[in-house]
Amino acid sequence: MDVILTHDNSDFDALASQLAAHKLTPEATPVLSQRLNRNLRHFLALYWDELPFVKPDDLPRQPIERAIIVDTQNVPSIRGMGKKTAIRIIDHHAEREATPEGWQVIIDTIGATTTLLVEQIKELTIALTPIEATLLALGIYEDTGSLSYGTTTPRDIYAAAWLLEHGAMLDVVRSFLYHPLTEEQRRLYEHLLEKVENYDVEGLPVVIAGMSIPEPVEEIATLAHQMRDLLDPAALFLLVEMPSHIQLIARSTVDAVDVGAIARHFDGGGHTRAAAAIIRGQSLDWAKKAMLKYLRKAIRPSLTVADLMSHGVQTLPPDARARDADSQMRRYGYEGFPVVRDGKIAGLLTRRAVDRAIDHGLDGVRVEQLMEAGEVSVLPSDSIPALQQVMMASGWGQIPVVDGERKVIGVVTRTDLIKHLGHAAPPADRRAEIDQELEQALPPILMALTRVAGRQAHDAGLSLYVVGGFVRDLLLGYPLADLDFVVEGDAIRLTRILQQTFGGETRSHGRFGTGKWLLDEATWGAIAAQLDVPLTNGDHLPAHIDFVTARTEYYRAPTELPEVERGSIKHDLHRRDFTINTLAIRLDPSAFGQILDFYGGEADLDEQRIRVLHSLSFVDDPTRILRAARLEQRLGFRIEARTEELIRHALPLLDKVSGDRIRHEIELILAEEKPEQALTRLGDLGVLAAIHPALKCGSRVKSAFDALRGAIGKPVWPELKGFDLEWPYFAVLTYDLAWEDVQAICERLKVQHRTLQALEHLHGIKPHMEELAGALPPSRIDAILSPADDRVLLAIWAAASETAREAIDDYANRLRHITTTVDGTMLKDRGLKPGPRFGVILRRLRAARLDEEIETPEQEEAMLAHLIAEMEIGDERSGR
């Protein structure tokens, strides 16, 4: 016999999970637990005949071969179970200690166990009656707080929606979720409210209420729900002492308080938002003290103000004028500035106040007359709920962040808070995960040096991050480019600290705050010795490491290069092109591996989309248009609709961008594995036409690009081994254009003169392509192709027909290497004076050799004598 069991004091998720498991495994009997919550008993009394449940006492006296345990990881014991009973656990709570060998365990941390089983019912298209669908919906709605708890996932919502489509009755759900209190529950509820004690734990409001009762009262959990809704704490703990034990009921409303973990400390269980435990052999006073002591250890905000704040805050003095504040707000895009007097906060000046003053012609009024006065601030260590309370109490949208000496070190804004609330908190073990990914991706010595650099930065009062494309590719599992380090503080100072520690040389650029640490083989050896990390031949260590000071940018006009000044890591990331390039990893020891994602970069990585940070991104820098297409095609992502719309609006601005900058972006595209993909996309977006109307990437160009890669992959002539394809790609891209258009494109892109000369050679050969495809003597092939170097030859070859390619192959592999024994020195030895005749003689000799008119040195000597005689006769006739 197979059975389906669940925990005692069953709730609707437990009961619904038993039903769902039975629908999936009809041969297994769902057995009710000994104790059911009151609303379950009432539901079963109404619908018993339509449901498959069996009471424990009615279970046949047979051995139980398999037990399916749902919504708990504790195995209930019932008659018929033994050591040979196979155990299968299905639960949504965090996995506990290792399970016994042979057990099958399915754990999925979603809002309700019922959801996990409903998904399988949906996939197998198993039919449900309206009552069955309603019970399953009750399981999901009860355990997710009607889909409102933070542990609710999209899967819970989809499952609930599917049940509604299949007959679940919300009126019935509502009536059983909000069951009226019994008289005993109502009295206990009122007494517990009188016993409420409020605590502040790590900035979070926590409520503990405890009392003793002479007789048990059922469903105390119902009271916890009502008290949580009334008091709205971050966490609520009820301790109700009964004759035989103390019942602990815990509820949480924030991620920072995992009541499931707290209940497990007292040998109970549950999930992050709802949990319970039975405490035996202890007094109520002991339980309260033990609870409070453990809470102060267990509650640690997953995020603090330090995780959201921006460093390097701009402030204003009280005597600054409204016009000055307006200029600063326009420059930095801030909506408010802290006003500081004698190093202390005096108030906050908002954008709205400045706008009103200027609208009324009061641009000369002092800031202290416009500001909202007050000394409102938070510490970096304050929790996010504490920050929320400060914002609500003060009404300020920008809260200054101060250090222990009350000095302003940053600011945290309402926007920062909204972005945090709009994103799920990162998993608790994410730092360890990122740390491991870095260990696997970097050579051991580079990983060790990264840790040391983070520690030395921290010791110097700086913060070090690795940012941008490196982080993006790390998360995607792609091959990594060079480390891109950003220092919050002074990058040049950190560069010199590392140089003093390990050796090497440094270069710096004070204006941009960049430091370059030059590392030769000897320096790497010294680093390896100091860090006690072995060097291996396959490490591929960089010849230098760059450190950049975190900075902010200000564009005075569209398309102009920005003005740069020192800023915070958040400002530095905001100046980047796309959200997927705004990710950073903290490297200081206390938070090594923590990902900073202020702008939704990870979500865009998951959704495989290219998105700009703001609507003026392409106005500030139109070259980002070309970068968008390059990244999109390289990563296999898609430019999201709004970003594509902004690209089309910004196309006219490309005319204002210098040719050097556009050419640089095209060169980066041509360095991609398959540049025709990005070029085709640029054509679709209208970008190529914006550069020059004749520029296109059609099927002929794509075919030639593919031929170029094939020619290098298996070199069609030896000189092509390891050949760089960027120039041949560009030559092929412009091959079919009129020479006047090619010149115009080269002028627009400011290409080098030697590039233009090589293209001119190519276009000089182009008219002879049909001739090359025919039956030509070798000397004629040589005459046509001799002006071309290897890159021109390769471009011509890729654009040519198959028959013309044969002629080019023959020239590159054989004809151009054929020489004569006669050279200029030998002609001088014959008494000939150097001049144009030398070239005529040598060319005619080589042509004869190519066409196999002569094959031996003797034949070459005879032809030379003949040519000299012809010239002498010609001289006599002309009187020379």
# chains A, B, ... in the order shown; residues from 1 in each chain; ligands from 1
call {"tool": "select_by_dssp", "arguments": {"residues": "range 264-297 of chain A", "states": "strand (DSSP E)", "output": "list in words"}}
result
Gly269, Gly270, Ala274, Ala275, Ala276, Ala277, Ile278 and Ile279 of chain A
call {"tool": "select_by_dssp", "arguments": {"residues": "range 319-364 of chain A", "states": "helix (DSSP H, G or I)", "output": "list in words"}}
result
Ala322, Arg323, Asp324, Ala325, Asp326, Ser327, Gln328, Met329, Arg330, Arg331, Tyr332, Arg351, Arg352, Ala353, Val354, Asp355, Arg356, Ala357, Ile358 and Asp359 of chain A
call {"tool": "residues_around", "arguments": {"residues": "Ala320 in chain A", "least_positions_apart": "4", "cutoff": "10 Å", "atoms": "only C-alpha atoms", "output": "list of chain:residue names"}}
result
A:Leu316, A:Asp324, A:Ala325, A:Val339, A:Gly364, A:Val365, A:Arg366, A:Val367, A:Glu368
call {"tool": "residues_around", "arguments": {"residues": "Asp200 in chain A", "least_positions_apart": "5", "cutoff": "10 Å", "atoms": "only C-alpha atoms", "output": "ChimeraX atom specification"}}
result
/A:205-207,234,296,386
call {"tool": "write_last_selection", "arguments": {"atoms": "N, CA and C atoms", "output": "CSV table (one decimal), in the first residue's frame"}}
result
chain,number,residue,atom,x,y,z
A,205,PRO,N,11.9,46.9,13.1
A,205,PRO,CA,11.0,46.8,14.2
A,205,PRO,C,10.5,45.3,14.4
A,206,VAL,N,10.7,44.8,15.6
A,206,VAL,CA,10.4,43.4,15.9
A,206,VAL,C,9.4,43.4,17.1
A,207,VAL,N,8.4,42.6,17.0
A,207,VAL,CA,7.4,42.5,18.1
A,207,VAL,C,7.5,41.1,18.7
A,234,ALA,N,8.5,44.2,11.2
A,234,ALA,CA,9.4,43.4,10.3
A,234,ALA,C,9.2,42.0,10.6
A,296,ARG,N,19.2,38.9,17.9
A,296,ARG,CA,20.3,39.9,17.7
A,296,ARG,C,21.5,39.2,17.0
A,386,ALA,N,15.1,51.0,8.1
A,386,ALA,CA,15.4,52.2,8.9
A,386,ALA,C,15.5,53.4,8.0
call {"tool": "atom_distance", "arguments": {"atom1": "CA of His7 in chain A", "atom2": "CA of Ile106 in chain A"}}
result
16.3 Å
call {"tool": "residues_around", "arguments": {"residues": "Glu607 in chain A", "least_positions_apart": "6", "cutoff": "10 Å", "atoms": "only C-alpha atoms", "output": "ChimeraX atom specification"}}
result
/A:601,637-638,640
call {"tool": "residues_around", "arguments": {"residues": "Ala453 in chain A", "least_positions_apart": "3", "cutoff": "10 Å", "atoms": "only C-alpha atoms", "output": "PyMOL selection string"}}
result
chain A and resi 447-450+456-459+463-465+494-495+497-498+587-589
call {"tool": "write_last_selection", "arguments": {"atoms": "N, CA and C atoms", "output": "mmCIF file, in the first residue's frame"}}
result
data_model
loop_
_atom_site.group_PDB
_atom_site.id
_atom_site.type_symbol
_atom_site.label_atom_id
_atom_site.label_comp_id
_atom_site.auth_asym_id
_atom_site.auth_seq_id
_atom_site.Cartn_x
_atom_site.Cartn_y
_atom_site.Cartn_z
ATOM 1 N N MET A 447 44.240 35.735 -9.610
ATOM 2 C CA MET A 447 43.197 35.707 -8.594
ATOM 3 C C MET A 447 43.761 36.129 -7.239
ATOM 4 N N ALA A 448 44.941 35.614 -6.904
ATOM 5 C CA ALA A 448 45.567 35.980 -5.624
ATOM 6 C C ALA A 448 45.887 37.470 -5.598
ATOM 7 N N LEU A 449 46.374 38.000 -6.723
ATOM 8 C CA LEU A 449 46.708 39.426 -6.788
ATOM 9 C C LEU A 449 45.452 40.282 -6.670
ATOM 10 N N THR A 450 44.346 39.829 -7.246
ATOM 11 C CA THR A 450 43.078 40.562 -7.149
ATOM 12 C C THR A 450 42.638 40.672 -5.690
ATOM 13 N N GLN A 456 44.510 45.787 -0.065
ATOM 14 C CA GLN A 456 45.350 46.975 0.056
ATOM 15 C C GLN A 456 44.539 48.250 -0.203
ATOM 16 N N ALA A 457 43.579 48.171 -1.131
ATOM 17 C CA ALA A 457 42.700 49.318 -1.360
ATOM 18 C C ALA A 457 41.905 49.626 -0.093
ATOM 19 N N HIS A 458 41.377 48.589 0.536
ATOM 20 C CA HIS A 458 40.586 48.777 1.758
ATOM 21 C C HIS A 458 41.434 49.387 2.862
ATOM 22 N N ASP A 459 42.656 48.887 3.017
ATOM 23 C CA ASP A 459 43.546 49.410 4.060
ATOM 24 C C ASP A 459 43.904 50.874 3.815
ATOM 25 N N SER A 463 38.034 51.823 -2.238
ATOM 26 C CA SER A 463 37.222 50.663 -2.580
ATOM 27 C C SER A 463 37.548 50.258 -4.007
ATOM 28 N N LEU A 464 37.782 48.964 -4.203
ATOM 29 C CA LEU A 464 38.174 48.457 -5.517
ATOM 30 C C LEU A 464 37.077 47.566 -6.090
ATOM 31 N N TYR A 465 36.828 47.719 -7.376
ATOM 32 C CA TYR A 465 35.802 46.944 -8.069
ATOM 33 C C TYR A 465 36.354 46.460 -9.409
ATOM 34 N N LEU A 494 46.483 53.883 -5.496
ATOM 35 C CA LEU A 494 46.475 52.427 -5.358
ATOM 36 C C LEU A 494 47.523 51.794 -6.280
ATOM 37 N N THR A 495 47.638 52.324 -7.493
ATOM 38 C CA THR A 495 48.640 51.795 -8.428
ATOM 39 C C THR A 495 50.034 51.888 -7.817
ATOM 40 N N ILE A 497 50.795 52.066 -4.603
ATOM 41 C CA ILE A 497 50.890 51.165 -3.450
ATOM 42 C C ILE A 497 51.253 49.760 -3.912
ATOM 43 N N LEU A 498 50.592 49.289 -4.975
ATOM 44 C CA LEU A 498 50.867 47.956 -5.497
ATOM 45 C C LEU A 498 52.285 47.873 -6.070
ATOM 46 N N LEU A 587 35.580 44.053 -4.387
ATOM 47 C CA LEU A 587 36.780 43.275 -4.127
ATOM 48 C C LEU A 587 37.366 43.523 -2.744
ATOM 49 N N ASP A 588 36.706 44.367 -1.921
ATOM 50 C CA ASP A 588 37.241 44.571 -0.572
ATOM 51 C C ASP A 588 36.930 43.327 0.262
ATOM 52 N N PRO A 589 37.766 42.990 1.225
ATOM 53 C CA PRO A 589 37.659 41.705 1.930
ATOM 54 C C PRO A 589 36.297 41.457 2.575
#
call {"tool": "residues_around", "arguments": {"residues": "range 542-546 of chain A", "least_positions_apart": "4", "cutoff": "8 Å", "atoms": "only C-alpha atoms", "output": "VMD selection string"}}
result
chain A and resid 482 to 485 514 to 520
call {"tool": "closest_residue", "arguments": {"among": "A:Leu170, A:Leu230, A:Val412, A:Ser33", "to": "Val54 in chain A", "atoms": "only C-alpha atoms"}}
result
A:Ser33
call {"tool": "closest_atom_pairs", "arguments": {"of": "range 751-807 of chain A", "to": "range 685-704 of chain A", "cutoff": "12 Å", "atoms": "only C-alpha atoms", "output": "JSON lines"}}
result
{"residue": "A:Leu794", "atom": "CA", "partner": "A:Ala704", "partner_atom": "CA", "distance": 10.3}
{"residue": "A:Ala795", "atom": "CA", "partner": "A:Ala704", "partner_atom": "CA", "distance": 8.4}
{"residue": "A:Ile796", "atom": "CA", "partner": "A:Ala704", "partner_atom": "CA", "distance": 9.6}
{"residue": "A:Trp797", "atom": "CA", "partner": "A:Ala704", "partner_atom": "CA", "distance": 8.8}
{"residue": "A:Ala798", "atom": "CA", "partner": "A:Ala704", "partner_atom": "CA", "distance": 5.0}
{"residue": "A:Ala799", "atom": "CA", "partner": "A:Ala704", "partner_atom": "CA", "distance": 5.6}
{"residue": "A:Ala800", "atom": "CA", "partner": "A:Ala704", "partner_atom": "CA", "distance": 8.5}
{"residue": "A:Ser801", "atom": "CA", "partner": "A:Ala704", "partner_atom": "CA", "distance": 10.2}
{"residue": "A:Glu802", "atom": "CA", "partner": "A:Ala704", "partner_atom": "CA", "distance": 11.7}
{"residue": "A:Arg805", "atom": "CA", "partner": "A:Ala704", "partner_atom": "CA", "distance": 11.9}
call {"tool": "atom_distance", "arguments": {"atom1": "CA of Asn537 in chain A", "atom2": "CA of Glu521 in chain A"}}
result
11.5 Å
call {"tool": "atom_distance", "arguments": {"atom1": "CA of Leu284 in chain A", "atom2": "CA of Ser244 in chain A"}}
result
11.9 Å
call {"tool": "closest_residue", "arguments": {"among": "A:Thr552, A:Ser148, A:Gln104, A:Thr272", "to": "His311 in chain A", "atoms": "only C-alpha atoms"}}
result
A:Thr552
